[in-house]
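A.B. asks: Mind having a look at this structure? Questions to follow.
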Amino acid sequence: MENGEIPENANEHCPGPQSESAGKSDDCQGCPNQEACATAPKGPDPDLVAIAERMATVKHKILVLSGKGGVGKSTFSAQLSYALAAMDFQVGLLDIDICGPSIPKMLGLEGQDIHQSNLGWSPVYVESNLGVMSIGFMLPNPDEAVIWRGPRKNGLIKQFLKDVYWGDIDFLVVDAPPGTSDEHISIVQFLQATGIDGAIIVTTPQQVSLIDVRKEVNFCKKVGVPVLGVVENMSGLCQSLVDFRFIRGTGTGEQIDVTEKVLECMREKAPELLDLFAISEVFDSSGGGAAKMCTEMDVPFLGKVPLDPQLCKAAEEGRSCFVDQKCWVSAPALKSIVKNLLAANQWTEETAMNE
């Protein structure tokens with residue numbers, strides 16, 4: 001428990017040895033460290049001073065949260081970082097999704113290692129003004145499962161904050177795991193003294209996702225983190241007709257691919273259809289979606305991002321969706337969200353993104 005660190009063998013919801021409830025809380029029952037924590041001297045965690053010194057060179061800190069997994073939170077974190085870097089901001093992206101670190105894949109950094117210098121751990125750079133840190137760089141095998149209890153995960157988050165040397169940067173984007181777990185409490189506690197600008201919450205339109213987002217909003221309010229806005233991701237599938245597959249079903253459940261026949265028919269009889277795009281509401285948004293929820297909970301709504309197969313492909317290939325015209329459906333929506341975010345918080349937009 002040196003320097004107030006939470007022991008690896010502590011109970012899952014350990015309040016921390018420096019807490020006034022250490023050794024006395026119900027969460028401490030049965031812990032092998034209970035007596036030591038109860039009698040240990042209490043005081044401020046010296047690591048928080050080191051974290052404050054590290055974060056002194058970071059102008060803005062943004063958490064990216066989601067109520068549940070699978071809503072595209074990490075994809076949004078990656079593209080937000082790409083967008084800010086394209087505007088000539090100095091950007092850091094910190095992945096604290098310890099058990100599911102997908103950021104290295106989404107930024108094309110798989111297989112990269114962390115290097116140390118006399119200044120601390122060096123981020124892995126995608127571009128000169130976009131650095132990344134993730135536990136994914138520390139795993140000997142990308143298929144290795146991270147089976148850690150809360151205290152050990154929290155210890156790594158603290159180490160990232162106090163040991164990674166970002167230098168002078170404009171934005172630190174923190175990609176958090178879904179839900180409201182130990183990692184979220186830790187990142188808020190560790191950064192509280194240095195100030196968190198706020199959180200962006202990512203959701204999909206249907207109620208089953210919004211139910212958990214409401215919990216996420218309430219979590220932010222309870223811990224004093226401003227909600228910068230909510231993003232509705234996968235807001236309707238939008239895709240060119242020529243990119244669809246067409247099938248004919250049979251009474252036995254068999255599917256017969258008729259794509260070539262359909263396309264040939266369109267080319268011969270209605271070529272103008274080849275330039276059309278089809279839009280489908282994949283998720284039920286009849287309840288009003290994220291926009292209605294934001295009105296009800298009095299938090300900003302930043303915008304919608306359609307479900308774009310090209311954006312999914314960009315994430316799989318680890319590249320920005322802004323560098324070419326392939327993501328013409330999703331890229332403008334993401335640009336608009338970033339501009340809304342900057343304008344609402346009066347953050348200077350130094351260089352406009354290419355239109």
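FYI, nothing fancy with the structure tokens labels: chains A, B, ... in order, residues from 1 per chain, ligands from 1 as they appear.
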Skipping near chain neighbours, those fewer than 2 positions away, what residues fall within 12 Å of Ser181 in chain A using only C-alpha atoms, listed as a list in words?

C.D. replies: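 In the requested format, the answer is Glu12, His13, Leu65, Ser66, Gly67, Lys68, Ile96, Asp97, Ile98, Arg149, Gly150, Pro151, Lys153, Asn154, Ala176, Pro177, Pro178, Gly179, Glu183, His184, Ile185, Ser186, Ile187, Val188, Lys215, Glu216 and Phe219 of chain A.
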
A.B. asks: Output the selection as a CSV table (one decimal), in the first residue's frame - C-alpha atoms for each residue.

C.D. replies:
```csv
chain,number,residue,atom,x,y,z
A,12,GLU,CA,-13.4,-5.2,-6.0
A,13,HIS,CA,-15.0,-2.0,-4.7
A,65,LEU,CA,-18.6,7.7,-22.3
A,66,SER,CA,-21.4,5.3,-23.2
A,67,GLY,CA,-24.1,3.6,-21.2
A,68,LYS,CA,-23.5,0.3,-22.9
A,96,ILE,CA,-8.7,3.4,-20.5
A,97,ASP,CA,-10.9,0.6,-21.7
A,98,ILE,CA,-8.6,-1.9,-20.0
A,149,ARG,CA,-9.9,-6.7,-10.5
A,150,GLY,CA,-10.8,-3.1,-10.1
A,151,PRO,CA,-7.8,-2.1,-8.0
A,153,LYS,CA,-7.2,-1.5,-13.4
A,154,ASN,CA,-7.3,1.7,-11.4
A,176,ALA,CA,-13.5,5.1,-21.2
A,177,PRO,CA,-15.2,1.6,-21.0
A,178,PRO,CA,-19.0,1.4,-21.2
A,179,GLY,CA,-21.1,1.9,-18.0
A,183,GLU,CA,-12.6,3.0,-14.1
A,184,HIS,CA,-15.0,6.0,-14.4
A,185,ILE,CA,-14.8,6.8,-10.7
A,186,SER,CA,-11.0,6.6,-10.8
A,187,ILE,CA,-10.5,8.8,-13.8
A,188,VAL,CA,-12.8,11.5,-12.3
A,215,LYS,CA,-27.8,6.6,-15.9
A,216,GLU,CA,-24.6,7.9,-17.5
A,219,PHE,CA,-23.4,9.7,-13.0
```

A.B. asks: Among range 15-194 of chain A, which ones does DSSP place in alpha helix (DSSP H), written as an MDAnalysis selection string?

C.D. replies: chainID A and resid 34:39 46:55 73:86 103:106 150:163 182:191

A.B. asks: Using only C-alpha atoms, which protein or nucleic acid residues come within 8 Å of Asp257 in chain A? Drop anything in the same chain fewer than 3 positions from it, and give the result as an mmCIF file with C-alpha atoms, in the first residue's frame.

C.D. replies:
```
data_model
loop_
_atom_site.group_PDB
_atom_site.id
_atom_site.type_symbol
_atom_site.label_atom_id
_atom_site.label_comp_id
_atom_site.auth_asym_id
_atom_site.auth_seq_id
_atom_site.Cartn_x
_atom_site.Cartn_y
_atom_site.Cartn_z
ATOM 1 C CA ARG A 245 -26.880 -7.265 -51.938
ATOM 2 C CA PHE A 246 -30.308 -8.384 -53.080
ATOM 3 C CA ILE A 247 -31.706 -11.776 -52.142
ATOM 4 C CA ARG A 248 -34.858 -13.782 -52.791
#
```

A.B. asks: Counting only C-alpha atoms, what is within 12 Å of Gly303 in chain A, bar same-chain residues fewer than 3 positions away, as an MDAnalysis selection string?

C.D. replies: chainID A and resid 200:205 228:235 289:292 294 300 306 330 332:341

A.B. asks: Could those selected residues go to a file with N, CA and C atoms, as an mmCIF file, in the first residue's frame?

C.D. replies:
```cif
data_model
loop_
_atom_site.group_PDB
_atom_site.id
_atom_site.type_symbol
_atom_site.label_atom_id
_atom_site.label_comp_id
_atom_site.auth_asym_id
_atom_site.auth_seq_id
_atom_site.Cartn_x
_atom_site.Cartn_y
_atom_site.Cartn_z
ATOM 1 N N ILE A 200 -18.498 13.609 -23.319
ATOM 2 C CA ILE A 200 -19.382 13.381 -24.458
ATOM 3 C C ILE A 200 -19.923 11.963 -24.306
ATOM 4 N N ILE A 201 -21.238 11.820 -24.409
ATOM 5 C CA ILE A 201 -21.858 10.506 -24.236
ATOM 6 C C ILE A 201 -22.389 10.037 -25.587
ATOM 7 N N VAL A 202 -22.005 8.814 -25.960
ATOM 8 C CA VAL A 202 -22.391 8.246 -27.255
ATOM 9 C C VAL A 202 -23.478 7.204 -27.036
ATOM 10 N N THR A 203 -24.516 7.258 -27.883
ATOM 11 C CA THR A 203 -25.627 6.320 -27.770
ATOM 12 C C THR A 203 -26.119 5.937 -29.156
ATOM 13 N N THR A 204 -26.998 4.951 -29.198
ATOM 14 C CA THR A 204 -27.761 4.645 -30.404
ATOM 15 C C THR A 204 -29.204 5.082 -30.148
ATOM 16 N N PRO A 205 -30.058 5.140 -31.179
ATOM 17 C CA PRO A 205 -31.357 5.816 -31.015
ATOM 18 C C PRO A 205 -32.392 5.093 -30.167
ATOM 19 N N LEU A 228 -20.863 17.622 -21.974
ATOM 20 C CA LEU A 228 -20.633 18.499 -23.121
ATOM 21 C C LEU A 228 -21.668 18.259 -24.216
ATOM 22 N N GLY A 229 -22.230 17.063 -24.223
ATOM 23 C CA GLY A 229 -23.258 16.761 -25.208
ATOM 24 C C GLY A 229 -23.393 15.279 -25.443
ATOM 25 N N VAL A 230 -24.477 14.930 -26.122
ATOM 26 C CA VAL A 230 -24.776 13.540 -26.465
ATOM 27 C C VAL A 230 -24.742 13.400 -27.983
ATOM 28 N N VAL A 231 -24.143 12.318 -28.445
ATOM 29 C CA VAL A 231 -24.077 12.015 -29.875
ATOM 30 C C VAL A 231 -24.922 10.776 -30.138
ATOM 31 N N GLU A 232 -25.847 10.890 -31.089
ATOM 32 C CA GLU A 232 -26.627 9.722 -31.496
ATOM 33 C C GLU A 232 -25.919 9.063 -32.671
ATOM 34 N N ASN A 233 -25.321 7.922 -32.420
ATOM 35 C CA ASN A 233 -24.574 7.197 -33.441
ATOM 36 C C ASN A 233 -25.479 6.136 -34.083
ATOM 37 N N MET A 234 -25.088 5.684 -35.282
ATOM 38 C CA MET A 234 -25.851 4.663 -36.017
ATOM 39 C C MET A 234 -27.298 5.107 -36.214
ATOM 40 N N SER A 235 -27.459 6.375 -36.535
ATOM 41 C CA SER A 235 -28.783 6.975 -36.672
ATOM 42 C C SER A 235 -29.320 6.751 -38.078
ATOM 43 N N GLY A 289 -35.599 9.314 -29.791
ATOM 44 C CA GLY A 289 -34.145 9.205 -29.841
ATOM 45 C C GLY A 289 -33.418 10.065 -28.830
ATOM 46 N N ALA A 290 -32.132 10.296 -29.105
ATOM 47 C CA ALA A 290 -31.290 11.030 -28.166
ATOM 48 C C ALA A 290 -31.696 12.495 -28.040
ATOM 49 N N ALA A 291 -32.193 13.070 -29.118
ATOM 50 C CA ALA A 291 -32.574 14.492 -29.082
ATOM 51 C C ALA A 291 -33.662 14.741 -28.035
ATOM 52 N N LYS A 292 -34.655 13.882 -28.015
ATOM 53 C CA LYS A 292 -35.735 14.044 -27.036
ATOM 54 C C LYS A 292 -35.223 13.840 -25.619
ATOM 55 N N CYS A 294 -32.241 14.394 -24.496
ATOM 56 C CA CYS A 294 -31.434 15.558 -24.111
ATOM 57 C C CYS A 294 -32.325 16.713 -23.653
ATOM 58 N N PRO A 300 -26.909 19.140 -23.639
ATOM 59 C CA PRO A 300 -26.802 19.477 -25.073
ATOM 60 C C PRO A 300 -26.877 18.241 -25.965
ATOM 61 N N PRO A 306 -24.960 8.890 -39.065
ATOM 62 C CA PRO A 306 -25.631 7.725 -39.659
ATOM 63 C C PRO A 306 -24.754 6.480 -39.608
ATOM 64 N N SER A 330 -20.954 9.858 -43.438
ATOM 65 C CA SER A 330 -20.674 10.061 -42.009
ATOM 66 C C SER A 330 -19.707 11.204 -41.724
ATOM 67 N N PRO A 332 -19.278 14.322 -42.987
ATOM 68 C CA PRO A 332 -19.883 15.646 -42.740
ATOM 69 C C PRO A 332 -20.623 15.718 -41.415
ATOM 70 N N ALA A 333 -21.285 14.624 -41.036
ATOM 71 C CA ALA A 333 -22.002 14.604 -39.756
ATOM 72 C C ALA A 333 -21.027 14.726 -38.589
ATOM 73 N N LEU A 334 -19.903 14.025 -38.675
ATOM 74 C CA LEU A 334 -18.896 14.103 -37.611
ATOM 75 C C LEU A 334 -18.258 15.487 -37.562
ATOM 76 N N LYS A 335 -17.994 16.079 -38.734
ATOM 77 C CA LYS A 335 -17.442 17.436 -38.774
ATOM 78 C C LYS A 335 -18.377 18.420 -38.092
ATOM 79 N N SER A 336 -19.662 18.282 -38.369
ATOM 80 C CA SER A 336 -20.657 19.179 -37.780
ATOM 81 C C SER A 336 -20.686 19.043 -36.263
ATOM 82 N N ILE A 337 -20.578 17.815 -35.769
ATOM 83 C CA ILE A 337 -20.578 17.577 -34.320
ATOM 84 C C ILE A 337 -19.354 18.219 -33.673
ATOM 85 N N VAL A 338 -18.198 18.067 -34.309
ATOM 86 C CA VAL A 338 -16.965 18.653 -33.761
ATOM 87 C C VAL A 338 -17.072 20.178 -33.747
ATOM 88 N N LYS A 339 -17.591 20.749 -34.796
ATOM 89 C CA LYS A 339 -17.747 22.207 -34.844
ATOM 90 C C LYS A 339 -18.740 22.695 -33.804
ATOM 91 N N ASN A 340 -19.821 21.941 -33.593
ATOM 92 C CA ASN A 340 -20.781 22.279 -32.538
ATOM 93 C C ASN A 340 -20.123 22.247 -31.169
ATOM 94 N N LEU A 341 -19.286 21.246 -30.961
ATOM 95 C CA LEU A 341 -18.579 21.093 -29.686
ATOM 96 C C LEU A 341 -17.640 22.270 -29.435
#
```

A.B. asks: Applying 7 Å and only C-alpha atoms, which residues near Val227 in chain A remain after dropping the ones on its own chain fewer than 5 positions away? List them as number ranges by chain.

C.D. replies: A: 198-200, 220, 299

A.B. asks: So how far away is CA of Glu260 in chain A from CA of Gln325 in chain A, in Å?

C.D. replies: 25.6 Å

A.B. asks: Considering only C-alpha atoms, return as a list in words whatever protein or nucleic-acid residues lie within 10 Å of Ser320 in chain A, sequence-local ones (same chain, fewer than 4 positions apart) excluded.

C.D. replies: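 My list of contacting residues is Ala78, Gln79, Leu80, Ser81, Tyr82, Ala83, Ala86, Met106, Leu107, Gly108, Leu311, Ala314, Ala315, Asp324, Cys327 and Ala331 of chain A.
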
A.B. asks: Grab the CA of Ala145 in chain A to CA of Gly100 in chain A distance for me, in Å with one decimal place.

C.D. replies: 8.7 Å

A.B. asks: As a ChimeraX atom specification, please: all residues of range 128-353 of chain A that backbone DSSP puts in strand (DSSP E or B).

C.D. replies: /A:130-134,164,169-175,198-203,227-240,247-249,255-257,277-280,301-307

A.B. asks: Mind checking which residues fall within 12 Å of Ala278 in chain A, counting only C-alpha atoms, ignoring those fewer than 4 positions away in the same chain, and posting them as a compact mmCIF listing (two decimals) with N, CA, C and O atoms, in the first residue's frame?

C.D. replies:
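What ended up in result17.txt:
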```
# COMPACT_ATOMS: atom_id res chain seq x y z
N GLY A 236 -29.69 5.52 -38.37
CA GLY A 236 -30.20 5.18 -39.69
C GLY A 236 -29.10 4.75 -40.63
O GLY A 236 -28.05 5.39 -40.72
N LEU A 237 -29.30 3.65 -41.34
CA LEU A 237 -28.35 3.15 -42.33
C LEU A 237 -28.52 3.93 -43.62
O LEU A 237 -29.63 4.09 -44.12
N CYS A 238 -27.43 4.43 -44.15
CA CYS A 238 -27.46 5.16 -45.43
C CYS A 238 -26.39 4.55 -46.33
O CYS A 238 -25.21 4.57 -46.00
N GLN A 239 -26.83 4.01 -47.48
CA GLN A 239 -25.90 3.30 -48.35
C GLN A 239 -26.37 3.37 -49.80
O GLN A 239 -27.57 3.36 -50.08
N SER A 240 -25.41 3.44 -50.70
CA SER A 240 -25.72 3.46 -52.12
C SER A 240 -26.42 2.16 -52.51
O SER A 240 -26.08 1.08 -52.04
N LEU A 241 -27.40 2.28 -53.42
CA LEU A 241 -28.12 1.08 -53.87
C LEU A 241 -27.17 0.05 -54.48
O LEU A 241 -27.36 -1.16 -54.31
N VAL A 242 -26.14 0.51 -55.17
CA VAL A 242 -25.24 -0.44 -55.84
C VAL A 242 -24.36 -1.18 -54.85
O VAL A 242 -23.69 -2.14 -55.22
N ASP A 243 -24.34 -0.74 -53.60
CA ASP A 243 -23.54 -1.43 -52.58
C ASP A 243 -24.36 -2.48 -51.82
O ASP A 243 -23.81 -3.20 -50.98
N PHE A 244 -25.66 -2.54 -52.08
CA PHE A 244 -26.50 -3.53 -51.42
C PHE A 244 -26.39 -4.88 -52.13
O PHE A 244 -26.12 -4.96 -53.33
N LEU A 273 -31.50 5.05 -61.16
CA LEU A 273 -31.57 4.47 -59.81
C LEU A 273 -30.17 4.16 -59.26
O LEU A 273 -29.98 4.06 -58.05
N LEU A 274 -29.20 3.99 -60.15
CA LEU A 274 -27.85 3.63 -59.72
C LEU A 274 -27.20 4.74 -58.90
O LEU A 274 -26.22 4.49 -58.19
N VAL A 282 -32.44 1.38 -38.79
CA VAL A 282 -32.05 0.08 -38.25
C VAL A 282 -32.55 -0.07 -36.82
O VAL A 282 -33.04 -1.13 -36.43
N PRO A 306 -24.96 8.89 -39.07
CA PRO A 306 -25.63 7.72 -39.66
C PRO A 306 -24.75 6.48 -39.61
O PRO A 306 -23.53 6.57 -39.48
N LEU A 307 -25.41 5.33 -39.69
CA LEU A 307 -24.68 4.06 -39.78
C LEU A 307 -24.14 3.96 -41.20
O LEU A 307 -24.88 3.74 -42.16
N ASP A 308 -22.84 4.14 -41.33
CA ASP A 308 -22.18 4.22 -42.63
C ASP A 308 -21.19 3.06 -42.75
O ASP A 308 -20.19 3.03 -42.03
N VAL A 329 -21.05 10.07 -46.28
CA VAL A 329 -22.27 10.08 -45.49
C VAL A 329 -21.97 10.48 -44.04
O VAL A 329 -22.64 11.34 -43.47
```

A.B. asks: Which value, in Å to one decimal, gives the distance between CA of Thr57 in chain A and CA of Ile114 in chain A?

C.D. replies: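 If I compute the distance from CA of Thr57 in chain A to CA of Ile114 in chain A, I get 20.5 Å.
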